[in-house]
Amino acid sequence: MNRINKKLQEDRKLLSIYFTAGYPSLDDTSRIIQELEENGVDMIEIGMPFSDPLADGPTIQQSSTAALQNGMTTALLFEQLKDIRKSVSIPLILMGYFNPMFQYGVEAFCKKCQEIGIDGIIVPDLPLDVFKDDYEATFKKYGLVNVFLITPQTSEERIRQIDATSDAFVYMVSSASVTGSKEGFGNIQTDYFERIASMGLKNPQIVGFGISNATTFQAATKNAKGAIIGSAFIKHLARNGVDAIGEFVKSIRA
Amino acid sequence: MTYHADEKGYYGEFGGAFIPEMLYPNTEELRQNYIRIMQDPSFGKEFDQLLKDYVGRPTPLYFAERLSGKFNTKIYLKREDLCHTGAHKVNNTIGQILMAKKLGKNRIIAETGAGQHGVATATVCALMGIECVVYMGEIDIARQAPNVARMKMLGAEVRPALSGSRTLKDATNEAIRDWINNPVDTHYIIGSVVGPHPYPDMVARFQSVISKEIRWQLMEKEGRENPDYIVACVGGGSNAAGAYYHYLDNGDVGIIAVEAAGKGVHSGESAATSALGKVGIIHGSKTLLMQTPDGQITEPYSISAGLDYPGVGPMHSHLFKSGRGEFISITDDEAMAAGLMVSKLEGIIPAIETSHAFAILEHRPFRSEDVVVINLSGRGDKDLSTYIDHFKL
């Protein structure tokens, strides 16, 4: 069984952390992953920086620009991760935009992920129909789960299609926004969280976008299986460095 | 074989809608409605009326006698430079503002590079009394001050794009982010035949009035609907798409696309996407784009701000790949010289974008009996300071 599916069976709310590979320094990747695991994070999304991250807010954009200036590439990231499974056992997900993956070659990319021990991929701009027609078989061949996003505007019919095509979890975008842009959740989010929870989807849901502290983490995971923090973690990294990762994780789990 | 979009928005292998799920409801609403709305007689009537009374259409098809004499062929100019706001861009913004109204939207966003599309959008928003926000790269804001002022006079808010390279592609990213954040009340008026389906097809349809007019105008003047060649400059490709539209599937008409080579195709400072681009995804469309081997989108260069887009519309990628279109790239210097030549021979100062199209006359021979239509996409007023610097006027 895939590490993600196994993790999702654990009887607790999951904390997943996103960071941009190659930021703050080019060679921080494996240390950040190790620190996150040691401090009790359940799952990690390794962000592959892209020049034009159109679903992301300023924090992730800036970290991506900096990572690219530092020299991050797809090939270098794979090189940095090649021994990661010697020291890390929690699920690892690669998250990035489709063009760099497309240039690397989707099959070669998936093969490399399997060799390294990557468990899943999130590609926000690879749409459901293209995935099903062109890439689903390749992802399956290399044991990778693909994670799709839903938003408060996604129709019920489409949520059911996405649920049917998913085989790990559904990534619930908390509000109509890019990453890192909302502070706290209002009634609209609460209604949305409850509406999705009541749909009886086969996949558990993990909430992302707009989660930045213990309060929003608790609100997001009241109905959902877990939550993902990205921008708030990157800001903390920028201010306090890799050594202070434990402090950040404790502040969320408090 | 057709060179138009299929129902999923593909031109051959190019096009489609590679968008994050957050944008799916927005583009889906448009996709389900755009053809129905455009084919509604009341929409067509209002669109045609505004093009006539407000834009000043039909624009003339003018026989350029002195230019024809110099190059020993029959050259006609389609005078899009005479449109209100000075370029073809307004054909699309008129169409899209009416589309937005039909969809019940009360807020408009747009991206702009040099500011031409921003001005055309701000213009129609003023006309309709609709709120308008235009995203423009911080660097472009600094170098296109007159157009920034125009947009402000027209009541638009100009928001600087501060991310990435702070130019057109980043302004486009910012507009897309705004649309993600405002999915219900906002319509995004894209300025070219780029972006996710249905934009390339929708914008091409609004611009197709150009070739629709050429057909009957050429019939009046030459007794034939088809020129031997139709020539247009291509950045994103909207004026070209409009000029080619009714001739795309007509093999008797040669299609010539002129791209900006900047300081030379292989100089490292160029915007010749067909020559330098590889297939990839930009702004939701699978198309040819300039990128690093790692798939990062690179910043193009051209003296003409309207041509320095790192991608090209999927229609044009297909025209290139299939061989239907003949693609020629023209350097800054060649374009500037052609702009001066047309000014002196015909009394028309073209936009520098359009000057690229004229520059092929020095390189690409035509037969004396050929009828060549050049789409004069915009006027050069906006480019005076560049012409002044270049020629030390």
# chains A, B, ... in the order shown; residues from 1 in each chain; ligands from 1

$ residues_around --residues "A:Leu92" --least-positions-apart "4" --cutoff "7 Å" --atoms "only C-alpha atoms" --output "JSON list (two decimals) with all heavy atoms, in the first residue's frame"
[["chain", "number", "residue", "atom", "x", "y", "z"],
["A", 43, "MET", "N", 3.08, 14.51, 6.68],
["A", 43, "MET", "CA", 3.20, 14.37, 5.23],
["A", 43, "MET", "C", 3.87, 15.65, 4.72],
["A", 43, "MET", "O", 3.70, 16.71, 5.30],
["A", 43, "MET", "CB", 1.78, 14.24, 4.65],
["A", 43, "MET", "CG", 1.70, 13.75, 3.25],
["A", 43, "MET", "SD", 0.08, 12.93, 2.97],
["A", 43, "MET", "CE", -1.06, 14.26, 3.17],
["A", 44, "ILE", "N", 4.61, 15.52, 3.62],
["A", 44, "ILE", "CA", 5.31, 16.69, 3.11],
["A", 44, "ILE", "C", 5.03, 16.87, 1.62],
["A", 44, "ILE", "O", 5.06, 15.90, 0.86],
["A", 44, "ILE", "CB", 6.83, 16.57, 3.34],
["A", 44, "ILE", "CG1", 7.13, 16.48, 4.83],
["A", 44, "ILE", "CG2", 7.58, 17.76, 2.73],
["A", 44, "ILE", "CD1", 8.58, 16.17, 5.16],
["A", 45, "GLU", "N", 4.78, 18.10, 1.25],
["A", 45, "GLU", "CA", 4.67, 18.45, -0.16],
["A", 45, "GLU", "C", 5.90, 19.25, -0.55],
["A", 45, "GLU", "O", 6.14, 20.34, -0.02],
["A", 45, "GLU", "CB", 3.42, 19.30, -0.41],
["A", 45, "GLU", "CG", 2.16, 18.48, -0.35],
["A", 45, "GLU", "CD", 0.96, 19.37, -0.18],
["A", 45, "GLU", "OE1", 0.89, 20.41, -0.84],
["A", 45, "GLU", "OE2", 0.11, 19.02, 0.65],
["A", 118, "ILE", "N", 8.97, 8.70, -4.03],
["A", 118, "ILE", "CA", 7.90, 9.70, -3.95],
["A", 118, "ILE", "C", 6.56, 8.95, -4.04],
["A", 118, "ILE", "O", 6.43, 7.98, -4.79],
["A", 118, "ILE", "CB", 8.02, 10.71, -5.13],
["A", 118, "ILE", "CG1", 9.34, 11.47, -5.04],
["A", 118, "ILE", "CG2", 6.82, 11.65, -5.18],
["A", 118, "ILE", "CD1", 9.47, 12.40, -3.86],
["A", 119, "ASP", "N", 5.57, 9.42, -3.27],
["A", 119, "ASP", "CA", 4.31, 8.69, -3.18],
["A", 119, "ASP", "C", 3.19, 9.28, -4.03],
["A", 119, "ASP", "O", 2.27, 8.58, -4.42],
["A", 119, "ASP", "CB", 3.84, 8.66, -1.72],
["A", 119, "ASP", "CG", 4.93, 8.11, -0.83],
["A", 119, "ASP", "OD1", 5.21, 6.90, -0.93],
["A", 119, "ASP", "OD2", 5.54, 8.90, -0.05],
["A", 120, "GLY", "N", 3.26, 10.58, -4.25],
["A", 120, "GLY", "CA", 2.17, 11.20, -4.98],
["A", 120, "GLY", "C", 2.61, 12.49, -5.65],
["A", 120, "GLY", "O", 3.70, 13.01, -5.38]]

$ residues_around --residues "B:Tyr229" --least-positions-apart "4" --cutoff "9 Å" --atoms "only C-alpha atoms" --output "VMD selection string"
chain B and resid 252 to 256 370 to 374

$ select_by_dssp --residues "stretch 112-250 of chain A" --states "alpha helix (DSSP H)" --output "VMD selection string"
chain A and resid 112 to 116 128 to 130 136 to 141 156 to 165 187 to 197 214 to 221 231 to 240 245 to 250

$ closest_atom_pairs --of "chain B" --to "chain A" --cutoff "8 Å" --atoms "only C-alpha atoms" --output "Markdown table"
| residue | atom | partner | partner_atom | distance |
| --- | --- | --- | --- | --- |
| B:Ala17 | CA | A:Pro127 | CA | 7.6 |
| B:Phe18 | CA | A:Asp125 | CA | 5.2 |
| B:Ile19 | CA | A:Asp125 | CA | 4.5 |
| B:Pro20 | CA | A:Asp125 | CA | 4.3 |
| B:Glu21 | CA | A:Leu149 | CA | 6.0 |
| B:Met22 | CA | A:Thr151 | CA | 6.1 |
| B:Tyr24 | CA | A:Thr154 | CA | 7.8 |
| B:Pro25 | CA | A:Gln153 | CA | 6.6 |
| B:Ser163 | CA | A:Gln61 | CA | 7.2 |
| B:Gly164 | CA | A:Thr65 | CA | 6.7 |
| B:Asp170 | CA | A:Asp52 | CA | 7.3 |
| B:Asn173 | CA | A:Leu54 | CA | 5.3 |
| B:Glu174 | CA | A:Leu54 | CA | 7.4 |
| B:Ile176 | CA | A:Leu54 | CA | 6.7 |
| B:Arg177 | CA | A:Leu54 | CA | 6.1 |
| B:Ile180 | CA | A:Ser177 | CA | 5.6 |
| B:Asn181 | CA | A:Ser177 | CA | 4.3 |
| B:Asn182 | CA | A:Ala176 | CA | 7.0 |
| B:Pro183 | CA | A:Ala176 | CA | 7.1 |
| B:Gly280 | CA | A:Asn99 | CA | 5.7 |
| B:Ile281 | CA | A:Asn99 | CA | 5.4 |
| B:Ile282 | CA | A:Asn99 | CA | 7.8 |
| B:Gly284 | CA | A:Asp125 | CA | 7.4 |
| B:Pro293 | CA | A:Gln103 | CA | 7.2 |
| B:Asp294 | CA | A:Pro100 | CA | 5.8 |
| B:Gly295 | CA | A:Pro100 | CA | 4.2 |
| B:Gln296 | CA | A:Ser51 | CA | 5.4 |
| B:Ile297 | CA | A:Ser51 | CA | 6.0 |

$ write_last_selection --atoms "N, CA, C and O atoms" --output "compact mmCIF listing (two decimals), in the first residue's frame"
# COMPACT_ATOMS: atom_id res chain seq x y z
N ALA B 17 -7.24 23.56 -22.28
CA ALA B 17 -7.40 24.42 -21.09
C ALA B 17 -6.65 23.80 -19.92
O ALA B 17 -7.18 22.99 -19.19
N PHE B 18 -5.39 24.16 -19.79
CA PHE B 18 -4.54 23.65 -18.71
C PHE B 18 -4.57 24.63 -17.54
O PHE B 18 -3.69 25.46 -17.38
N ILE B 19 -5.65 24.52 -16.78
CA ILE B 19 -5.88 25.53 -15.75
C ILE B 19 -6.06 24.86 -14.40
O ILE B 19 -6.56 23.75 -14.31
N PRO B 20 -5.68 25.57 -13.33
CA PRO B 20 -5.97 25.04 -12.01
C PRO B 20 -7.48 24.96 -11.78
O PRO B 20 -8.24 25.73 -12.38
N GLU B 21 -7.86 24.03 -10.93
CA GLU B 21 -9.28 23.80 -10.68
C GLU B 21 -10.00 25.08 -10.25
O GLU B 21 -11.18 25.26 -10.52
N MET B 22 -9.27 25.97 -9.59
CA MET B 22 -9.87 27.23 -9.13
C MET B 22 -10.45 28.03 -10.29
O MET B 22 -11.34 28.85 -10.10
N TYR B 24 -11.65 26.57 -13.10
CA TYR B 24 -12.53 25.74 -13.92
C TYR B 24 -13.94 26.32 -14.05
O TYR B 24 -14.47 26.42 -15.17
N PRO B 25 -14.57 26.74 -12.93
CA PRO B 25 -15.94 27.27 -13.08
C PRO B 25 -15.99 28.51 -13.97
O PRO B 25 -16.92 28.67 -14.76
N SER B 163 5.58 40.65 -9.58
CA SER B 163 6.22 39.34 -9.50
C SER B 163 7.05 39.05 -10.75
O SER B 163 6.89 39.71 -11.78
N GLY B 164 7.89 38.04 -10.64
CA GLY B 164 8.66 37.52 -11.78
C GLY B 164 9.45 38.60 -12.48
O GLY B 164 10.16 39.38 -11.86
N ASP B 170 3.86 38.41 -16.55
CA ASP B 170 3.56 38.51 -15.11
C ASP B 170 2.25 39.26 -14.88
O ASP B 170 1.50 38.94 -13.96
N ASN B 173 -0.26 36.67 -15.35
CA ASN B 173 -0.37 35.86 -14.14
C ASN B 173 -1.21 36.57 -13.08
O ASN B 173 -2.06 35.96 -12.42
N GLU B 174 -0.95 37.86 -12.89
CA GLU B 174 -1.68 38.61 -11.86
C GLU B 174 -3.17 38.70 -12.19
O GLU B 174 -4.02 38.61 -11.29
N ILE B 176 -4.85 36.53 -13.87
CA ILE B 176 -5.41 35.19 -13.61
C ILE B 176 -5.62 34.99 -12.11
O ILE B 176 -6.64 34.47 -11.67
N ARG B 177 -4.66 35.46 -11.30
CA ARG B 177 -4.81 35.34 -9.84
C ARG B 177 -6.01 36.13 -9.35
O ARG B 177 -6.75 35.69 -8.47
N ILE B 180 -9.00 34.16 -10.05
CA ILE B 180 -9.15 33.08 -9.06
C ILE B 180 -9.79 33.62 -7.78
O ILE B 180 -10.66 32.99 -7.19
N ASN B 181 -9.37 34.81 -7.38
CA ASN B 181 -9.88 35.40 -6.15
C ASN B 181 -11.28 35.98 -6.29
O ASN B 181 -11.96 36.23 -5.30
N ASN B 182 -11.72 36.22 -7.52
CA ASN B 182 -13.03 36.82 -7.78
C ASN B 182 -13.78 36.04 -8.85
O ASN B 182 -14.01 36.52 -9.96
N PRO B 183 -14.16 34.81 -8.53
CA PRO B 183 -14.68 33.93 -9.58
C PRO B 183 -16.11 34.22 -10.02
O PRO B 183 -16.51 33.75 -11.07
N GLY B 280 4.84 23.57 -24.92
CA GLY B 280 4.72 23.59 -23.47
C GLY B 280 3.40 24.23 -23.08
O GLY B 280 2.50 24.38 -23.92
N ILE B 281 3.29 24.58 -21.81
CA ILE B 281 2.06 25.16 -21.29
C ILE B 281 2.35 26.58 -20.80
O ILE B 281 3.22 26.78 -19.96
N ILE B 282 1.63 27.54 -21.34
CA ILE B 282 1.72 28.91 -20.82
C ILE B 282 0.32 29.48 -20.71
O ILE B 282 -0.48 29.36 -21.65
N GLY B 284 -2.33 28.54 -19.42
CA GLY B 284 -3.46 27.64 -19.63
C GLY B 284 -3.59 27.05 -21.01
O GLY B 284 -4.57 26.36 -21.29
N PRO B 293 15.59 24.74 -20.89
CA PRO B 293 15.46 23.29 -21.02
C PRO B 293 14.70 22.69 -19.84
O PRO B 293 14.08 21.63 -19.95
N ASP B 294 14.70 23.37 -18.70
CA ASP B 294 14.03 22.89 -17.50
C ASP B 294 12.54 23.25 -17.47
O ASP B 294 11.84 22.90 -16.53
N GLY B 295 12.07 23.97 -18.48
CA GLY B 295 10.65 24.29 -18.54
C GLY B 295 10.25 25.58 -17.83
O GLY B 295 9.08 25.78 -17.54
N GLN B 296 11.23 26.42 -17.52
CA GLN B 296 10.90 27.73 -16.96
C GLN B 296 10.70 28.71 -18.12
O GLN B 296 11.47 28.70 -19.08
N ILE B 297 9.66 29.51 -18.02
CA ILE B 297 9.33 30.42 -19.12
C ILE B 297 10.30 31.60 -19.12
O ILE B 297 10.57 32.19 -18.07

$ select_by_dssp --residues "stretch 227-380 of chain B" --states "strand (DSSP E or B)" --output "PyMOL selection string"
chain B and resi 229-233+254-262+278-282+285-289+291+297+311+325-331+350+371-376+378-379

$ write_last_selection --atoms "C-alpha atoms" --output "JSON list (two decimals), in the first residue's frame"
[["chain", "number", "residue", "atom", "x", "y", "z"],
["B", 229, "TYR", "CA", -1.27, 36.36, -49.56],
["B", 230, "ILE", "CA", -2.37, 37.80, -46.25],
["B", 231, "VAL", "CA", 0.40, 39.17, -44.07],
["B", 232, "ALA", "CA", 0.26, 40.04, -40.36],
["B", 233, "CYS", "CA", 2.61, 40.48, -37.45],
["B", 254, "GLY", "CA", -1.09, 32.12, -48.57],
["B", 255, "ILE", "CA", -0.75, 32.95, -44.88],
["B", 256, "ILE", "CA", 2.35, 34.85, -43.79],
["B", 257, "ALA", "CA", 3.09, 35.41, -40.11],
["B", 258, "VAL", "CA", 5.80, 37.86, -39.10],
["B", 259, "GLU", "CA", 7.49, 37.50, -35.74],
["B", 260, "ALA", "CA", 9.89, 39.77, -33.92],
["B", 261, "ALA", "CA", 13.50, 38.59, -34.10],
["B", 262, "GLY", "CA", 14.58, 41.38, -31.76],
["B", 278, "LYS", "CA", 9.17, 24.42, -27.78],
["B", 279, "VAL", "CA", 5.80, 22.88, -27.01],
["B", 280, "GLY", "CA", 4.72, 23.59, -23.47],
["B", 281, "ILE", "CA", 2.06, 25.16, -21.29],
["B", 282, "ILE", "CA", 1.72, 28.91, -20.82],
["B", 285, "SER", "CA", -2.71, 26.79, -23.24],
["B", 286, "LYS", "CA", -0.53, 24.12, -24.82],
["B", 287, "THR", "CA", 1.43, 25.97, -27.43],
["B", 288, "LEU", "CA", 4.92, 26.93, -28.59],
["B", 289, "LEU", "CA", 6.71, 29.00, -25.99],
["B", 291, "GLN", "CA", 11.54, 28.42, -22.18],
["B", 297, "ILE", "CA", 9.33, 30.42, -19.12],
["B", 311, "GLY", "CA", 4.27, 32.23, -26.24],
["B", 325, "GLY", "CA", 1.56, 29.38, -42.46],
["B", 326, "GLU", "CA", 4.86, 30.81, -43.67],
["B", 327, "PHE", "CA", 6.70, 32.27, -40.67],
["B", 328, "ILE", "CA", 9.28, 34.99, -41.12],
["B", 329, "SER", "CA", 11.18, 36.80, -38.39],
["B", 330, "ILE", "CA", 12.24, 40.41, -38.64],
["B", 331, "THR", "CA", 14.81, 42.22, -36.52],
["B", 350, "PRO", "CA", 2.63, 52.36, -38.55],
["B", 371, "VAL", "CA", -2.50, 40.57, -54.54],
["B", 372, "VAL", "CA", -0.93, 40.93, -51.10],
["B", 373, "VAL", "CA", -2.99, 42.20, -48.16],
["B", 374, "ILE", "CA", -0.99, 43.49, -45.21],
["B", 375, "ASN", "CA", -2.93, 43.95, -42.00],
["B", 376, "LEU", "CA", -2.01, 47.42, -40.76],
["B", 378, "GLY", "CA", -2.08, 49.78, -35.44],
["B", 379, "ARG", "CA", -0.84, 53.32, -35.80]]

$ residues_around --residues "A:Asp83" --least-positions-apart "5" --cutoff "10 Å" --atoms "only C-alpha atoms" --output "ChimeraX atom specification"
/A:30,78,88,115-117

$ write_last_selection --atoms "all heavy atoms" --output "compact mmCIF listing (two decimals), in the first residue's frame"
# COMPACT_ATOMS: atom_id res chain seq x y z
N SER A 30 16.87 18.38 1.78
CA SER A 30 16.76 17.18 2.60
C SER A 30 16.73 17.52 4.09
O SER A 30 16.05 16.86 4.87
CB SER A 30 17.88 16.18 2.27
OG SER A 30 19.10 16.82 2.21
N PHE A 78 15.77 16.02 -8.09
CA PHE A 78 15.83 14.55 -8.04
C PHE A 78 17.16 14.09 -7.45
O PHE A 78 17.22 13.13 -6.68
CB PHE A 78 15.61 13.97 -9.44
CG PHE A 78 14.17 13.99 -9.89
CD1 PHE A 78 13.84 14.23 -11.22
CD2 PHE A 78 13.13 13.74 -8.99
CE1 PHE A 78 12.52 14.24 -11.65
CE2 PHE A 78 11.80 13.75 -9.41
CZ PHE A 78 11.50 14.00 -10.74
N VAL A 88 14.04 9.10 5.78
CA VAL A 88 12.69 9.65 5.97
C VAL A 88 11.65 8.60 5.58
O VAL A 88 11.78 7.97 4.52
CB VAL A 88 12.51 10.93 5.10
CG1 VAL A 88 11.06 11.40 5.11
CG2 VAL A 88 13.43 12.03 5.59
N GLU A 115 11.64 5.64 -8.32
CA GLU A 115 12.99 5.26 -7.87
C GLU A 115 13.34 5.91 -6.54
O GLU A 115 13.93 5.29 -5.65
CB GLU A 115 14.04 5.68 -8.91
CG GLU A 115 14.09 4.80 -10.14
CD GLU A 115 14.91 5.43 -11.27
OE1 GLU A 115 15.73 6.35 -10.99
OE2 GLU A 115 14.70 5.03 -12.42
N ILE A 116 12.96 7.17 -6.40
CA ILE A 116 13.29 7.92 -5.19
C ILE A 116 12.43 7.50 -4.01
O ILE A 116 12.87 7.51 -2.85
CB ILE A 116 13.13 9.44 -5.45
CG1 ILE A 116 14.22 9.93 -6.39
CG2 ILE A 116 13.14 10.24 -4.16
CD1 ILE A 116 13.94 11.30 -6.96
N GLY A 117 11.19 7.13 -4.30
CA GLY A 117 10.26 6.82 -3.23
C GLY A 117 9.27 7.95 -2.98
O GLY A 117 8.78 8.14 -1.87

$ closest_residue --among "A:Asn146, A:Glu247, A:Ile159, A:Arg85" --to "A:Met199" --atoms "only C-alpha atoms"
A:Ile159

$ residues_around --residues "B:Arg79" --least-positions-apart "6" --cutoff "10 Å" --atoms "only C-alpha atoms" --output "tab-separated table (two decimals) with C-alpha atoms, in the first residue's frame"
chain	number	residue	atom	x	y	z
B	57	ARG	CA	-15.80	50.15	-39.05
B	58	PRO	CA	-15.56	49.05	-41.73
B	59	THR	CA	-11.95	50.12	-41.85
B	60	PRO	CA	-10.75	50.87	-45.39
B	61	LEU	CA	-8.92	48.40	-47.58
B	62	TYR	CA	-6.49	50.77	-49.22
B	86	GLY	CA	-5.59	53.25	-32.81
B	87	ALA	CA	-5.45	49.51	-33.31
B	88	HIS	CA	-7.44	46.33	-33.89
B	210	ILE	CA	-11.10	41.98	-40.23
B	348	ILE	CA	1.10	56.37	-42.75
B	374	ILE	CA	-0.99	43.49	-45.21
B	375	ASN	CA	-2.93	43.95	-42.00
B	376	LEU	CA	-2.01	47.42	-40.76
B	377	SER	CA	-2.82	46.51	-37.19
B	378	GLY	CA	-2.08	49.78	-35.44
B	379	ARG	CA	-0.84	53.32	-35.80

$ atom_distance --atom1 "atom CA of A:Val170" --atom2 "atom CA of A:Ala219"
17.4 Å

$ atom_distance --atom1 "atom CA of A:Ala168" --atom2 "atom CA of A:Glu183"
27.9 Å

$ residues_around --residues "B:Phe14" --least-positions-apart "3" --cutoff "7 Å" --atoms "only C-alpha atoms" --output "PyMOL selection string"
chain B and resi 10-11+286-287+314+317-318

$ residues_around --residues "B:Thr27" --least-positions-apart "4" --cutoff "10 Å" --atoms "only C-alpha atoms" --output "list in words"
Ala17, Ile19, Met22, Leu23, Arg31, Gln32, Asn33, Pro183, His187, Tyr188, Pro196, His197, Pro198 and Tyr199 of chain B

$ write_last_selection --atoms "N, CA, C and O atoms" --output "PDB file, in the first residue's frame"
ATOM      1  N   ALA B  17      -7.238  23.559 -22.284  1.00  0.00           N
ATOM      2  CA  ALA B  17      -7.400  24.419 -21.093  1.00  0.00           C
ATOM      3  C   ALA B  17      -6.647  23.798 -19.924  1.00  0.00           C
ATOM      4  O   ALA B  17      -7.184  22.987 -19.185  1.00  0.00           O
ATOM      5  N   ILE B  19      -5.652  24.524 -16.782  1.00  0.00           N
ATOM      6  CA  ILE B  19      -5.882  25.529 -15.747  1.00  0.00           C
ATOM      7  C   ILE B  19      -6.064  24.863 -14.398  1.00  0.00           C
ATOM      8  O   ILE B  19      -6.557  23.746 -14.315  1.00  0.00           O
ATOM      9  N   MET B  22      -9.267  25.975  -9.589  1.00  0.00           N
ATOM     10  CA  MET B  22      -9.873  27.234  -9.132  1.00  0.00           C
ATOM     11  C   MET B  22     -10.446  28.031 -10.293  1.00  0.00           C
ATOM     12  O   MET B  22     -11.335  28.848 -10.103  1.00  0.00           O
ATOM     13  N   LEU B  23      -9.910  27.835 -11.499  1.00  0.00           N
ATOM     14  CA  LEU B  23     -10.410  28.590 -12.650  1.00  0.00           C
ATOM     15  C   LEU B  23     -11.445  27.822 -13.455  1.00  0.00           C
ATOM     16  O   LEU B  23     -12.040  28.370 -14.386  1.00  0.00           O
ATOM     17  N   ARG B  31     -17.133  28.822 -21.633  1.00  0.00           N
ATOM     18  CA  ARG B  31     -17.118  27.796 -22.680  1.00  0.00           C
ATOM     19  C   ARG B  31     -18.531  27.365 -23.066  1.00  0.00           C
ATOM     20  O   ARG B  31     -18.856  27.202 -24.230  1.00  0.00           O
ATOM     21  N   GLN B  32     -19.366  27.217 -22.043  1.00  0.00           N
ATOM     22  CA  GLN B  32     -20.718  26.741 -22.319  1.00  0.00           C
ATOM     23  C   GLN B  32     -21.581  27.801 -23.000  1.00  0.00           C
ATOM     24  O   GLN B  32     -22.589  27.465 -23.606  1.00  0.00           O
ATOM     25  N   ASN B  33     -21.195  29.057 -22.870  1.00  0.00           N
ATOM     26  CA  ASN B  33     -22.089  30.129 -23.324  1.00  0.00           C
ATOM     27  C   ASN B  33     -21.591  30.963 -24.502  1.00  0.00           C
ATOM     28  O   ASN B  33     -22.387  31.635 -25.135  1.00  0.00           O
ATOM     29  N   PRO B 183     -14.162  34.815  -8.528  1.00  0.00           N
ATOM     30  CA  PRO B 183     -14.679  33.933  -9.576  1.00  0.00           C
ATOM     31  C   PRO B 183     -16.108  34.217 -10.024  1.00  0.00           C
ATOM     32  O   PRO B 183     -16.513  33.749 -11.072  1.00  0.00           O
ATOM     33  N   HIS B 187     -15.267  39.335 -15.070  1.00  0.00           N
ATOM     34  CA  HIS B 187     -14.889  38.754 -16.358  1.00  0.00           C
ATOM     35  C   HIS B 187     -13.474  39.219 -16.707  1.00  0.00           C
ATOM     36  O   HIS B 187     -13.133  40.382 -16.538  1.00  0.00           O
ATOM     37  N   TYR B 188     -12.682  38.284 -17.194  1.00  0.00           N
ATOM     38  CA  TYR B 188     -11.308  38.586 -17.584  1.00  0.00           C
ATOM     39  C   TYR B 188     -11.265  38.770 -19.103  1.00  0.00           C
ATOM     40  O   TYR B 188     -11.530  37.831 -19.854  1.00  0.00           O
ATOM     41  N   PRO B 196      -6.473  29.864 -21.856  1.00  0.00           N
ATOM     42  CA  PRO B 196      -7.202  28.606 -21.952  1.00  0.00           C
ATOM     43  C   PRO B 196      -8.407  28.710 -22.889  1.00  0.00           C
ATOM     44  O   PRO B 196      -8.972  29.781 -23.060  1.00  0.00           O
ATOM     45  N   HIS B 197      -8.795  27.579 -23.471  1.00  0.00           N
ATOM     46  CA  HIS B 197     -10.045  27.507 -24.196  1.00  0.00           C
ATOM     47  C   HIS B 197     -11.165  28.008 -23.277  1.00  0.00           C
ATOM     48  O   HIS B 197     -11.182  27.640 -22.123  1.00  0.00           O
ATOM     49  N   PRO B 198     -12.101  28.853 -23.714  1.00  0.00           N
ATOM     50  CA  PRO B 198     -12.387  29.205 -25.109  1.00  0.00           C
ATOM     51  C   PRO B 198     -11.753  30.513 -25.584  1.00  0.00           C
ATOM     52  O   PRO B 198     -12.136  31.010 -26.638  1.00  0.00           O
ATOM     53  N   TYR B 199     -10.807  31.076 -24.825  1.00  0.00           N
ATOM     54  CA  TYR B 199     -10.308  32.402 -25.219  1.00  0.00           C
ATOM     55  C   TYR B 199      -9.726  32.469 -26.632  1.00  0.00           C
ATOM     56  O   TYR B 199     -10.089  33.384 -27.387  1.00  0.00           O
TER      57      TYR B 199
END

$ residues_around --residues "stretch 37-47 of chain B" --least-positions-apart "2" --cutoff "10 Å" --atoms "only C-alpha atoms" --output "list in words"
Leu30, Gln32, Asn33, Tyr34, Ile35, Gln49, Leu50, Leu51, Lys52, Asn91, Ile94, Gly95, Gln96, Ile97, Leu98, Met99, Lys102, Leu103, Met202, Arg205 and Phe206 of chain B

$ atom_distance --atom1 "atom CA of A:Ala197" --atom2 "atom CA of A:Ala224"
6.9 Å
